[in-house]
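What follows is one structure encoded as structure tokens, with my remarks underneath.
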Amino acid sequence: MSGIIKRNVDVAVIGGGPAGLGAAIKARECGADKVLLIERAEELGGVLPQCIHNGFGLHYFKEELSGPAYAYKMIEKLNTSGVEVMLKTMVIDLTEEKKITAVNEQGIMEIDAKAVILCMGCRERPRGAIRIPGDRPAGVFTAGAAQRMINIEGHLPGKKILILGSGDIGMIMARRMTLEGAEVKAVVELMPFIGGLIRNEIQCLRDFDIPVYVSHTITSIKGKDRIESITIAEIDSKRKIIEGTEKEFEVDTLLLSVGLIPENELSRKAGVKLHPITGGPLVDNLWQTNVSGIFAGGNVVHVHDLADYVTESSEFAAENACKYIRGGLKEGEEIPVSCQDNIRYVVPNRIRKNGEDVVMFMRVTQPAEKVEIRVGDIYSRKLDFARPSEQIRIDLPGELIKKCDSGLIVRCVPQEDKNNGGEG
Amino acid sequence: MKKTVVCLQCPFACKVDVELSEAGEILSVSGNRCQRGDSYARQEVIAPVRVLTTTVRIDSEDREHPLLSVMTSGAIPKARLGEAMRTLASVRVKAPVEYGEVVYEDLLGTGVNVIATSSIRK
Amino acid sequence: MLGMNKFDVIIVGGGAAGAAAARELSKYECSVALLEKEIEVSMGVTKGTHAIVHCGIPEPDAPLYNRGQVRGNLMLEQICRDLDVPFKRIGKLLVGFNEKDTGVLESTLLGARRNGVYNAELITDRDRIREMEPELTESTVSALYTPTTGIVSPWALCYGLIENAQNNGVSVITDAEVLSIDKQEEGLILSTTQGEYQASLVINAAGAFSEKLAGLIEDTSFRLVGSRHQRIIMDKNCNGIVKHLVRGLGPGGWGTDFVCPTVYGDVLVGVCTEGNIPWNDCATTREGLEDTVIPNYLKLIPGLAPANSIKPFSGFLYEVEGTANYVVRPSAVDSRMIHMVLGGSGLTSSVAMAEYIAEEVIPALGIKFEKKKDFDPIRKDIPHFSDLSNEERAALIEKDPLYGHVICRCETVTEGEIVEAIRRGARTRDGVKFRTHAGLGRCQGGFCGPRVIEILARELGIPAEQVTRKGKGSLEVPYAIKELLFDPEVQA
């Protein structure tokens, strides 16, 4: 009987996308000796190599890069960092004691880590989860899967396309498929507003005169073997279909861009508690989960706007993971953070009162103008606008945190004085 | 004639109104918060340009990596994106290609080059 | 005739019935072929059945049905063990909500016992019911408990039966639709899309198309009626919410809505049943899912949130018109065609009816096949990486490193399993999915789909543009990159 390979490392990073690359490099920079980066794909970069469009790197590298270029630059950094990389390796188990079971073509490995950083990213919501009715022919793809086929593997999934969901990936794929010669007949959005960034709305949809149907949903897919047509209809404010508004589109392909869900199967196995709204681990202001020594960074916690922010958050998790293994995490009384009014979620979910500065990320539920973000009664900030597609970052000095006694509630309320200018 | 341009120079996304004469000359620009918005809106109304990101084929039997991601080194006229795609469709590069290497020069006579945004070994 | 394939028995149809017949007849000294019109076996009604192994509650005037259910239930446990097919005897609770229901359940109980379901039991102790199913609605008054009701994977059973039959000498020919049958003295001549075949006996196991096949010899002695059954598969994290098959008592004393564990650890809920739909239609509807399936299953198990759904789907089922009984008999037009028409409950009965055909129907025609001495009843399934211990996994990877490359992350399916599935006959993405479970989980193939297409293309030696979801025109990625830039239709 063949043996199981046993290993010990200081920091194990699970996932080699923009989060994992950042975390692994940072862990070495912070002095961790044995850093292991485990990636399930054949190459590093996660989703970056298939995101051939621009818009990456402006914050992190101070230049505008494509996804593959962002990955290239990160991997260049990694190559001189002394991180050990395992490719084509899948983590199949993680325990509360930070024991990792991984598999690759060499065999099964059991890896004991002093600290673990979860960087598994997120996955796309599939058709079944939103219960689109109709036939079940070929031709339904998540936008990301189609992106991989087109930009990496060199296949075009179809000729006449309908896209459900106006998130950024959906819009970017509308442009990409149009450029490659397919015809995008419509982008259909359940909400009354477009889900992704304005820049993508203009440069991906309006540039190519692609029609957008907001407050619409798919009522039926037709086609025995391959999609033949899709019918959409308008919905009212209670999401009920408005009779007589049905439109049928002759298409062969449906792309779904209906949301991203942090990928936390492994986290659950380790007893990591998850947030009901984000689907990501509940973390403290050090991005440590409820399991001591298991940290999380990037989209596995909540879906970030930019890869740059993903890298940044996982670097922060790595810094703290390194402090943790040296026993240098500053303890402090923990206070819970929750949200109300127009705030959909806030990260972190609890804060240690240890005098250190705290960075908070949040998203609003509804688009709003002239609002004020209030963090308990210790901090407030005025914004000209708040959009669900754009995360809001708040930096709280440690001194302020010391002042609060119980939990912090984060709210987004209309500005009291409308004449007061905001920061944006 | 009035055209409205959403400025994409920063997250404010100002709606900029550009007033045009019959002859297509710009009479006024309003609604922008900064000078960048002014010049962006003028460009968008007169001759919109875009950076093109796409792929070109790699001359190889390797099924795992048939494509190289590329982008234009500068913006090209928006109206010529389709033409640019058809031109690049017949380009085949030979490995190895370095990151940043020019894979196609002077796209459609615009003076803009097409450069690799990743590298291929072998 | 030159080059014609001659067999003692040709089975038409590669669903559960045909598969059971193939395996049963492979126990005998006779040459057997199975013809399947689709590109793979198990692509028709079998794929969409509800996976329940019935206990044998009888129907009036349906002797073959009543016999098939009880005998099939009994046989399947051993057969599944031999074929390495998942089968669990989970038991069923048929739930009544008032005193009148209890009365109906009482008479159902008597009928069940008369048909040999001796351990069926009527429970009126609500505490005991609650103990058996804590999540069951509080309005439950009584339950008919049948401990022998089981669950199986319909397609796994079909693959197991067919692979074992092949191992015992049966030829399987796919993509072979029977177009006409010529009644010659030397045998029935079947013209198919894969050439001509001659048989001394033909078993009509064509499922939803068995009426059409009978029509090819002008036999119009039975008619089929079809119905569509909308259901939803719920995520694995609901595993354990019910332990038994839980059904609500509906009109006519039959169970309708249900919540049921599956052998794969997820939960199946249903059902919206509709007649009068186009033949073989497997669409779901908004009304069926949102206004029928969901509110009705919630009446049984209120705590199972609809947000857990991962796949709504419809199964098309057929029945013989006017009777619950099966049509398992030689055709009156030409006794060389033996009908094996089982309908929607045929999964349970298939093995029993195959045994009946081999042991009673064929001998009654004066044909005798000797039993083989070397019949091997054992078949091993594709090793499922996720079910193995780490030691077993390491050993498997040492033999074949592809078992160390995980392709489907939801169900932890490796490249080794996918390659083995293709070796065993998978030709489509659905075929890979049903054999290996790649794409059956939470993300429904969103992640592994493109990778499975690449592996299928590589192993079958075809371009990815020709890989299909389920055969015929169900192409997955029909065009190569840059191809459409010069497509006159699109560019126009």
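Ligands are numbered from 1 in the order shown, residues from 1 within each chain, and chains are lettered A, B, ... in the order they appear in the structure tokens.
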#### Entry: alpha helix (DSSP H) per DSSP on the backbone: members of range 105-280 of chain A, as a ChimeraX atom specification
/A:127-130,143-148,168-179,198-200,265-269
Only C-alpha atoms, please: the residues just picked out, written as a PDB file, in the first residue's frame.
```
ATOM      1  CA  ARG A 127     -28.957  28.045 -13.692  1.00  0.00           C
ATOM      2  CA  GLY A 128     -30.532  25.666 -11.205  1.00  0.00           C
ATOM      3  CA  ALA A 129     -30.042  27.973  -8.256  1.00  0.00           C
ATOM      4  CA  ILE A 130     -32.290  30.579  -9.852  1.00  0.00           C
ATOM      5  CA  ALA A 143     -20.417  33.906 -18.200  1.00  0.00           C
ATOM      6  CA  GLY A 144     -17.103  32.918 -16.628  1.00  0.00           C
ATOM      7  CA  ALA A 145     -17.176  29.448 -18.162  1.00  0.00           C
ATOM      8  CA  ALA A 146     -17.836  31.008 -21.575  1.00  0.00           C
ATOM      9  CA  GLN A 147     -15.006  33.460 -20.952  1.00  0.00           C
ATOM     10  CA  ARG A 148     -12.610  30.594 -20.326  1.00  0.00           C
ATOM     11  CA  ASP A 168     -19.486  43.119 -14.813  1.00  0.00           C
ATOM     12  CA  ILE A 169     -18.634  39.672 -16.183  1.00  0.00           C
ATOM     13  CA  GLY A 170     -21.909  39.592 -18.111  1.00  0.00           C
ATOM     14  CA  MET A 171     -21.268  42.962 -19.714  1.00  0.00           C
ATOM     15  CA  ILE A 172     -17.631  42.208 -20.465  1.00  0.00           C
ATOM     16  CA  MET A 173     -18.685  38.985 -22.157  1.00  0.00           C
ATOM     17  CA  ALA A 174     -21.294  40.882 -24.191  1.00  0.00           C
ATOM     18  CA  ARG A 175     -18.479  42.994 -25.660  1.00  0.00           C
ATOM     19  CA  ARG A 176     -16.108  40.096 -26.043  1.00  0.00           C
ATOM     20  CA  MET A 177     -18.607  37.933 -27.934  1.00  0.00           C
ATOM     21  CA  THR A 178     -19.633  40.872 -30.123  1.00  0.00           C
ATOM     22  CA  LEU A 179     -15.987  41.553 -31.005  1.00  0.00           C
ATOM     23  CA  ILE A 198     -20.823  52.348 -15.305  1.00  0.00           C
ATOM     24  CA  ARG A 199     -17.644  52.083 -17.310  1.00  0.00           C
ATOM     25  CA  ASN A 200     -18.661  48.593 -18.420  1.00  0.00           C
ATOM     26  CA  GLU A 265     -16.858  24.201   1.059  1.00  0.00           C
ATOM     27  CA  LEU A 266     -13.429  23.782   2.651  1.00  0.00           C
ATOM     28  CA  SER A 267     -14.026  26.506   5.200  1.00  0.00           C
ATOM     29  CA  ARG A 268     -17.149  24.675   6.383  1.00  0.00           C
ATOM     30  CA  LYS A 269     -15.160  21.475   6.829  1.00  0.00           C
TER      31      LYS A 269
END
```
Tell me, counting only C-alpha atoms, for each residue of chain B within 10 Å of chain C, which pair of atoms is nearest and how far apart they are in Å to one decimal, in rows ordered by chain and increasing number, as a Markdown table.
```
| residue | atom | partner | partner_atom | distance |
| --- | --- | --- | --- | --- |
| B:Thr55 | CA | C:Ile481 | CA | 9.4 |
| B:Val56 | CA | C:Lys482 | CA | 9.0 |
| B:Arg57 | CA | C:Ile481 | CA | 8.9 |
| B:Arg63 | CA | C:Glu454 | CA | 9.1 |
| B:Glu64 | CA | C:Glu454 | CA | 8.9 |
| B:Pro66 | CA | C:Ile481 | CA | 9.8 |
| B:Leu67 | CA | C:Ile481 | CA | 9.4 |
| B:Gly82 | CA | C:Leu485 | CA | 8.6 |
| B:Glu83 | CA | C:Leu485 | CA | 9.6 |
| B:Met85 | CA | C:Leu485 | CA | 7.7 |
| B:Arg86 | CA | C:Leu485 | CA | 6.2 |
| B:Thr87 | CA | C:Leu485 | CA | 9.8 |
| B:Leu88 | CA | C:Lys482 | CA | 9.1 |
| B:Ala89 | CA | C:Lys482 | CA | 5.8 |
| B:Ser90 | CA | C:Lys482 | CA | 8.5 |
```
Could you please take those selected residues and save N, CA and C atoms as an mmCIF file, in the first residue's frame?
```cif
data_model
loop_
_atom_site.group_PDB
_atom_site.id
_atom_site.type_symbol
_atom_site.label_atom_id
_atom_site.label_comp_id
_atom_site.auth_asym_id
_atom_site.auth_seq_id
_atom_site.Cartn_x
_atom_site.Cartn_y
_atom_site.Cartn_z
ATOM 1 N N THR B 55 -7.371 38.346 -28.451
ATOM 2 C CA THR B 55 -6.383 37.268 -28.488
ATOM 3 C C THR B 55 -5.909 37.063 -29.924
ATOM 4 N N VAL B 56 -4.730 36.507 -30.064
ATOM 5 C CA VAL B 56 -4.299 36.028 -31.389
ATOM 6 C C VAL B 56 -3.911 34.562 -31.252
ATOM 7 N N ARG B 57 -3.981 33.868 -32.378
ATOM 8 C CA ARG B 57 -3.688 32.435 -32.324
ATOM 9 C C ARG B 57 -2.188 32.157 -32.246
ATOM 10 N N ARG B 63 -2.915 21.887 -27.676
ATOM 11 C CA ARG B 63 -4.340 22.202 -27.561
ATOM 12 C C ARG B 63 -4.653 22.975 -26.290
ATOM 13 N N GLU B 64 -3.795 22.858 -25.298
ATOM 14 C CA GLU B 64 -4.094 23.492 -24.018
ATOM 15 C C GLU B 64 -3.980 25.009 -24.107
ATOM 16 N N PRO B 66 -3.982 27.485 -27.108
ATOM 17 C CA PRO B 66 -3.987 27.899 -28.516
ATOM 18 C C PRO B 66 -3.946 29.412 -28.704
ATOM 19 N N LEU B 67 -4.097 30.197 -27.614
ATOM 20 C CA LEU B 67 -4.276 31.642 -27.766
ATOM 21 C C LEU B 67 -3.302 32.441 -26.899
ATOM 22 N N GLY B 82 -14.122 46.536 -35.345
ATOM 23 C CA GLY B 82 -14.471 45.331 -36.105
ATOM 24 C C GLY B 82 -13.400 44.998 -37.126
ATOM 25 N N GLU B 83 -12.968 46.031 -37.828
ATOM 26 C CA GLU B 83 -11.909 45.878 -38.822
ATOM 27 C C GLU B 83 -10.624 45.349 -38.155
ATOM 28 N N MET B 85 -10.420 43.567 -35.441
ATOM 29 C CA MET B 85 -10.607 42.162 -35.060
ATOM 30 C C MET B 85 -10.363 41.245 -36.257
ATOM 31 N N ARG B 86 -10.902 41.648 -37.423
ATOM 32 C CA ARG B 86 -10.727 40.792 -38.607
ATOM 33 C C ARG B 86 -9.267 40.752 -39.041
ATOM 34 N N THR B 87 -8.581 41.866 -38.904
ATOM 35 C CA THR B 87 -7.153 41.889 -39.254
ATOM 36 C C THR B 87 -6.374 40.942 -38.339
ATOM 37 N N LEU B 88 -6.666 41.033 -37.027
ATOM 38 C CA LEU B 88 -5.897 40.225 -36.071
ATOM 39 C C LEU B 88 -6.281 38.746 -36.130
ATOM 40 N N ALA B 89 -7.438 38.437 -36.725
ATOM 41 C CA ALA B 89 -7.871 37.040 -36.794
ATOM 42 C C ALA B 89 -6.905 36.196 -37.606
ATOM 43 N N SER B 90 -6.216 36.817 -38.543
ATOM 44 C CA SER B 90 -5.308 36.013 -39.376
ATOM 45 C C SER B 90 -3.873 36.007 -38.843
#
```
### Message
Contacts from chain A to chain C, 8 Å maximum, only C-alpha atoms: show me the residue list as a PyMOL selection string.
### Response
chain A and resi 1-4+40+88-90+92+103-108+124-139+141-142+145+148-150+154-159+180-183+219-220+224-226
### Query
Which residues, written as a list in words, have at least one atom at most 10 Å from Glu201 in chain A, with only C-alpha atoms counted and residues fewer than 6 positions away on the same chain left out?
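Listing them by chain and then by number gives Ser166, Gly167, Asp168, Met171, Ile172, Ile194, Gly195, Asp207, Ile210 and Val212 of chain A.
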Which chain B residues are at most 6 Å from chain A (counting only C-alpha atoms), as a PDB file with N, CA and C atoms, in the first residue's frame?
```pdb
ATOM      1  N   LEU B   8     -15.746  58.755 -17.950  1.00  0.00           N
ATOM      2  CA  LEU B   8     -15.245  57.550 -17.290  1.00  0.00           C
ATOM      3  C   LEU B   8     -13.858  57.765 -16.706  1.00  0.00           C
ATOM      4  N   THR B  53      -8.599  44.941 -26.419  1.00  0.00           N
ATOM      5  CA  THR B  53      -7.955  43.749 -25.860  1.00  0.00           C
ATOM      6  C   THR B  53      -8.588  42.541 -26.520  1.00  0.00           C
ATOM      7  N   THR B 117       0.120  40.534 -23.743  1.00  0.00           N
ATOM      8  CA  THR B 117      -0.063  40.820 -22.321  1.00  0.00           C
ATOM      9  C   THR B 117       0.170  39.577 -21.472  1.00  0.00           C
ATOM     10  N   SER B 118       0.720  38.548 -22.097  1.00  0.00           N
ATOM     11  CA  SER B 118       1.222  37.421 -21.314  1.00  0.00           C
ATOM     12  C   SER B 118       2.386  36.840 -22.105  1.00  0.00           C
TER      13      SER B 118
END
```
### Task
Identify, with DSSP run on backbone atoms, the residues in chain B assigned to strand (DSSP E), and express the list as an MDAnalysis selection string.
chainID B and resid 2:6 15:20 26:30 49:50 53:58 67:72 76:77 92:93 102:104 114:116
For the residues selected in the previous step, produce a file with N, CA, C and O atoms as a short mmCIF file (atom, residue, chain, number, x, y, z; two decimals), in the first residue's frame.
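Everything below was put into out.cif:
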```cif
data_model
loop_
_atom_site.label_atom_id
_atom_site.label_comp_id
_atom_site.auth_asym_id
_atom_site.auth_seq_id
_atom_site.Cartn_x
_atom_site.Cartn_y
_atom_site.Cartn_z
N LYS B 2 -27.42 68.53 -29.03
CA LYS B 2 -26.74 68.24 -27.76
C LYS B 2 -26.45 66.75 -27.64
O LYS B 2 -27.31 65.92 -27.96
N LYS B 3 -25.26 66.42 -27.20
CA LYS B 3 -24.94 65.01 -26.92
C LYS B 3 -24.51 64.89 -25.47
O LYS B 3 -23.80 65.76 -24.96
N THR B 4 -24.95 63.79 -24.82
CA THR B 4 -24.55 63.59 -23.43
C THR B 4 -23.55 62.44 -23.35
O THR B 4 -23.76 61.38 -23.93
N VAL B 5 -22.46 62.72 -22.65
CA VAL B 5 -21.39 61.73 -22.52
C VAL B 5 -21.22 61.44 -21.03
O VAL B 5 -21.19 62.37 -20.22
N VAL B 6 -21.16 60.16 -20.67
CA VAL B 6 -20.83 59.84 -19.28
C VAL B 6 -19.31 59.74 -19.19
O VAL B 6 -18.70 58.93 -19.88
N LYS B 15 -22.22 63.24 -15.90
CA LYS B 15 -22.92 63.31 -17.18
C LYS B 15 -22.57 64.66 -17.80
O LYS B 15 -22.97 65.71 -17.32
N VAL B 16 -21.81 64.61 -18.89
CA VAL B 16 -21.31 65.85 -19.50
C VAL B 16 -22.11 66.14 -20.76
O VAL B 16 -22.24 65.27 -21.63
N ASP B 17 -22.67 67.36 -20.85
CA ASP B 17 -23.43 67.76 -22.03
C ASP B 17 -22.51 68.51 -22.99
O ASP B 17 -21.82 69.45 -22.60
N VAL B 18 -22.53 68.08 -24.23
CA VAL B 18 -21.71 68.74 -25.25
C VAL B 18 -22.66 69.33 -26.30
O VAL B 18 -23.47 68.61 -26.89
N GLU B 19 -22.59 70.64 -26.48
CA GLU B 19 -23.44 71.33 -27.46
C GLU B 19 -22.68 71.43 -28.78
O GLU B 19 -21.53 71.86 -28.81
N LEU B 20 -23.32 71.01 -29.85
CA LEU B 20 -22.67 70.99 -31.16
C LEU B 20 -23.40 71.90 -32.14
O LEU B 20 -24.62 72.02 -32.10
N ILE B 26 -17.85 71.90 -31.74
CA ILE B 26 -18.26 71.96 -30.34
C ILE B 26 -18.46 73.40 -29.91
O ILE B 26 -17.56 74.23 -30.06
N LEU B 27 -19.66 73.70 -29.41
CA LEU B 27 -19.96 75.05 -28.96
C LEU B 27 -19.70 75.19 -27.47
O LEU B 27 -19.13 76.17 -27.01
N SER B 28 -20.14 74.17 -26.70
CA SER B 28 -19.93 74.26 -25.26
C SER B 28 -19.88 72.88 -24.63
O SER B 28 -20.41 71.91 -25.17
N VAL B 29 -19.23 72.78 -23.47
CA VAL B 29 -19.16 71.55 -22.69
C VAL B 29 -19.59 71.91 -21.27
O VAL B 29 -19.04 72.85 -20.68
N SER B 30 -20.55 71.16 -20.70
CA SER B 30 -20.99 71.50 -19.35
C SER B 30 -21.34 70.23 -18.58
O SER B 30 -21.62 69.18 -19.16
N VAL B 49 -12.36 56.85 -29.11
CA VAL B 49 -11.30 55.85 -29.31
C VAL B 49 -11.36 54.83 -28.16
O VAL B 49 -11.84 55.14 -27.08
N ARG B 50 -10.88 53.64 -28.42
CA ARG B 50 -10.86 52.58 -27.41
C ARG B 50 -9.57 51.78 -27.51
O ARG B 50 -9.06 51.57 -28.61
N THR B 53 -8.60 44.94 -26.42
CA THR B 53 -7.96 43.75 -25.86
C THR B 53 -8.59 42.54 -26.52
O THR B 53 -9.81 42.46 -26.64
N THR B 54 -7.76 41.64 -26.98
CA THR B 54 -8.29 40.43 -27.64
C THR B 54 -7.22 39.34 -27.58
O THR B 54 -6.31 39.40 -26.74
N THR B 55 -7.37 38.35 -28.45
CA THR B 55 -6.38 37.27 -28.49
C THR B 55 -5.91 37.06 -29.92
O THR B 55 -6.61 37.44 -30.86
N VAL B 56 -4.73 36.51 -30.06
CA VAL B 56 -4.30 36.03 -31.39
C VAL B 56 -3.91 34.56 -31.25
O VAL B 56 -3.58 34.08 -30.16
N ARG B 57 -3.98 33.87 -32.38
CA ARG B 57 -3.69 32.43 -32.32
C ARG B 57 -2.19 32.16 -32.25
O ARG B 57 -1.38 32.88 -32.83
N ILE B 58 -1.87 31.10 -31.55
CA ILE B 58 -0.48 30.66 -31.46
C ILE B 58 -0.32 29.50 -32.44
O ILE B 58 -1.16 28.59 -32.47
N LEU B 67 -4.10 30.20 -27.61
CA LEU B 67 -4.28 31.64 -27.77
C LEU B 67 -3.30 32.44 -26.90
O LEU B 67 -2.91 32.00 -25.83
N LEU B 68 -2.96 33.63 -27.40
CA LEU B 68 -2.14 34.58 -26.65
C LEU B 68 -2.98 35.85 -26.45
O LEU B 68 -3.59 36.35 -27.40
N SER B 69 -3.03 36.35 -25.22
CA SER B 69 -3.80 37.57 -24.98
C SER B 69 -2.96 38.78 -25.37
O SER B 69 -1.77 38.85 -25.11
N VAL B 70 -3.62 39.74 -26.02
CA VAL B 70 -2.92 40.93 -26.52
C VAL B 70 -3.76 42.18 -26.27
O VAL B 70 -4.95 42.09 -26.01
N MET B 71 -3.10 43.36 -26.35
CA MET B 71 -3.85 44.61 -26.35
C MET B 71 -3.14 45.62 -27.24
O MET B 71 -1.95 45.45 -27.55
N THR B 72 -3.90 46.62 -27.64
CA THR B 72 -3.28 47.66 -28.45
C THR B 72 -2.47 48.57 -27.53
O THR B 72 -2.86 48.83 -26.39
N ILE B 76 -7.51 53.10 -30.41
CA ILE B 76 -7.77 53.20 -31.85
C ILE B 76 -9.21 53.67 -32.02
O ILE B 76 -10.02 53.56 -31.09
N PRO B 77 -9.56 54.18 -33.21
CA PRO B 77 -10.93 54.67 -33.38
C PRO B 77 -11.95 53.57 -33.09
O PRO B 77 -11.80 52.43 -33.56
N ARG B 92 -0.87 34.85 -36.67
CA ARG B 92 -0.46 33.67 -35.92
C ARG B 92 0.94 33.92 -35.38
O ARG B 92 1.84 34.22 -36.16
N VAL B 93 1.09 33.80 -34.08
CA VAL B 93 2.42 34.05 -33.51
C VAL B 93 3.11 32.73 -33.23
O VAL B 93 2.47 31.70 -33.04
N VAL B 102 5.96 43.16 -29.18
CA VAL B 102 5.04 43.58 -30.24
C VAL B 102 4.75 42.38 -31.13
O VAL B 102 5.67 41.75 -31.66
N VAL B 103 3.47 42.01 -31.28
CA VAL B 103 3.13 40.88 -32.13
C VAL B 103 2.57 41.35 -33.47
O VAL B 103 2.45 40.57 -34.41
N TYR B 104 2.17 42.62 -33.56
CA TYR B 104 1.67 43.16 -34.83
C TYR B 104 1.91 44.66 -34.83
O TYR B 104 1.57 45.34 -33.86
N VAL B 114 0.29 46.16 -31.56
CA VAL B 114 -0.43 45.18 -30.75
C VAL B 114 0.62 44.42 -29.94
O VAL B 114 1.58 43.89 -30.53
N ILE B 115 0.46 44.41 -28.61
CA ILE B 115 1.49 43.80 -27.77
C ILE B 115 0.93 42.65 -26.94
O ILE B 115 -0.25 42.62 -26.60
N ALA B 116 1.81 41.72 -26.64
CA ALA B 116 1.43 40.55 -25.84
C ALA B 116 1.23 40.98 -24.38
O ALA B 116 2.05 41.72 -23.84
#
```
### Spatial neighbours of Val225 in chain C, 8 Å, only C-alpha atoms, chain gap at least 4 places, as a ChimeraX atom specification
/C:318-321
### Message
Could you list, as an NGL selection string, every residue within 10 Å of Lys99 in chain A, counting only C-alpha atoms and ignoring same-chain residues fewer than 2 positions away?
### Response
:A and (7-8 or 12 or 93-97 or 101-102 or 110-116 or 270)
### Exercise: Gly72 in chain C partners within 7 Å, only C-alpha atoms, chain neighbours under 2 positions left out, as JSON, numbers by chain
{"C": [68, 69, 70, 74, 75, 76, 348, 349, 350, 351, 352]}
Dump as a PDB file, in the first residue's frame, selection limited to N, CA, C and O atoms:
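Wrote again.pdb, looks like this:
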```pdb
ATOM      1  N   GLY C  68     -44.426  -7.648 -10.382  1.00  0.00           N
ATOM      2  CA  GLY C  68     -43.148  -7.016 -10.729  1.00  0.00           C
ATOM      3  C   GLY C  68     -42.616  -6.130  -9.618  1.00  0.00           C
ATOM      4  O   GLY C  68     -41.414  -6.128  -9.329  1.00  0.00           O
ATOM      5  N   GLN C  69     -43.510  -5.400  -8.967  1.00  0.00           N
ATOM      6  CA  GLN C  69     -43.063  -4.478  -7.928  1.00  0.00           C
ATOM      7  C   GLN C  69     -42.498  -5.235  -6.718  1.00  0.00           C
ATOM      8  O   GLN C  69     -41.413  -4.902  -6.232  1.00  0.00           O
ATOM      9  N   VAL C  70     -43.223  -6.247  -6.260  1.00  0.00           N
ATOM     10  CA  VAL C  70     -42.778  -6.972  -5.064  1.00  0.00           C
ATOM     11  C   VAL C  70     -41.506  -7.773  -5.359  1.00  0.00           C
ATOM     12  O   VAL C  70     -40.521  -7.714  -4.633  1.00  0.00           O
ATOM     13  N   LEU C  74     -37.494  -7.083  -4.152  1.00  0.00           N
ATOM     14  CA  LEU C  74     -36.725  -8.148  -3.491  1.00  0.00           C
ATOM     15  C   LEU C  74     -35.396  -8.406  -4.216  1.00  0.00           C
ATOM     16  O   LEU C  74     -34.350  -8.559  -3.604  1.00  0.00           O
ATOM     17  N   MET C  75     -35.460  -8.448  -5.555  1.00  0.00           N
ATOM     18  CA  MET C  75     -34.271  -8.798  -6.343  1.00  0.00           C
ATOM     19  C   MET C  75     -33.218  -7.689  -6.340  1.00  0.00           C
ATOM     20  O   MET C  75     -32.016  -7.964  -6.407  1.00  0.00           O
ATOM     21  N   LEU C  76     -33.675  -6.438  -6.301  1.00  0.00           N
ATOM     22  CA  LEU C  76     -32.737  -5.333  -6.558  1.00  0.00           C
ATOM     23  C   LEU C  76     -31.625  -5.223  -5.522  1.00  0.00           C
ATOM     24  O   LEU C  76     -30.510  -4.812  -5.840  1.00  0.00           O
ATOM     25  N   THR C 348     -38.406  -0.321 -10.789  1.00  0.00           N
ATOM     26  CA  THR C 348     -38.465  -1.381  -9.779  1.00  0.00           C
ATOM     27  C   THR C 348     -38.681  -2.749 -10.435  1.00  0.00           C
ATOM     28  O   THR C 348     -38.036  -3.734 -10.077  1.00  0.00           O
ATOM     29  N   SER C 349     -39.575  -2.773 -11.410  1.00  0.00           N
ATOM     30  CA  SER C 349     -40.018  -4.060 -11.959  1.00  0.00           C
ATOM     31  C   SER C 349     -39.106  -4.609 -13.038  1.00  0.00           C
ATOM     32  O   SER C 349     -39.244  -5.780 -13.411  1.00  0.00           O
ATOM     33  N   SER C 350     -38.222  -3.774 -13.578  1.00  0.00           N
ATOM     34  CA  SER C 350     -37.472  -4.180 -14.763  1.00  0.00           C
ATOM     35  C   SER C 350     -36.786  -5.530 -14.587  1.00  0.00           C
ATOM     36  O   SER C 350     -36.897  -6.415 -15.447  1.00  0.00           O
ATOM     37  N   VAL C 351     -36.104  -5.710 -13.458  1.00  0.00           N
ATOM     38  CA  VAL C 351     -35.346  -6.962 -13.277  1.00  0.00           C
ATOM     39  C   VAL C 351     -36.290  -8.149 -13.115  1.00  0.00           C
ATOM     40  O   VAL C 351     -36.013  -9.254 -13.600  1.00  0.00           O
ATOM     41  N   ALA C 352     -37.447  -7.907 -12.459  1.00  0.00           N
ATOM     42  CA  ALA C 352     -38.406  -8.998 -12.258  1.00  0.00           C
ATOM     43  C   ALA C 352     -39.054  -9.385 -13.580  1.00  0.00           C
ATOM     44  O   ALA C 352     -39.273 -10.573 -13.862  1.00  0.00           O
TER      45      ALA C 352
END
```
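Between CA of Ala354 in chain C and CA of Ser26 in chain C the interatomic distance comes to 11.1 Å.
Within the 7 Å cut-off around range 239-254 of chain A, using only C-alpha atoms and omitting residues fewer than 5 positions from it on the same chain, the listed residues are Gly139, Val140, Phe141, Gly158, Lys159, Lys160, Ile161, Leu162, Ile163, Arg226, Ile227, Glu228, Ser229, Ile230, Thr231, Ile232, Ala233 and Glu234 of chain A.
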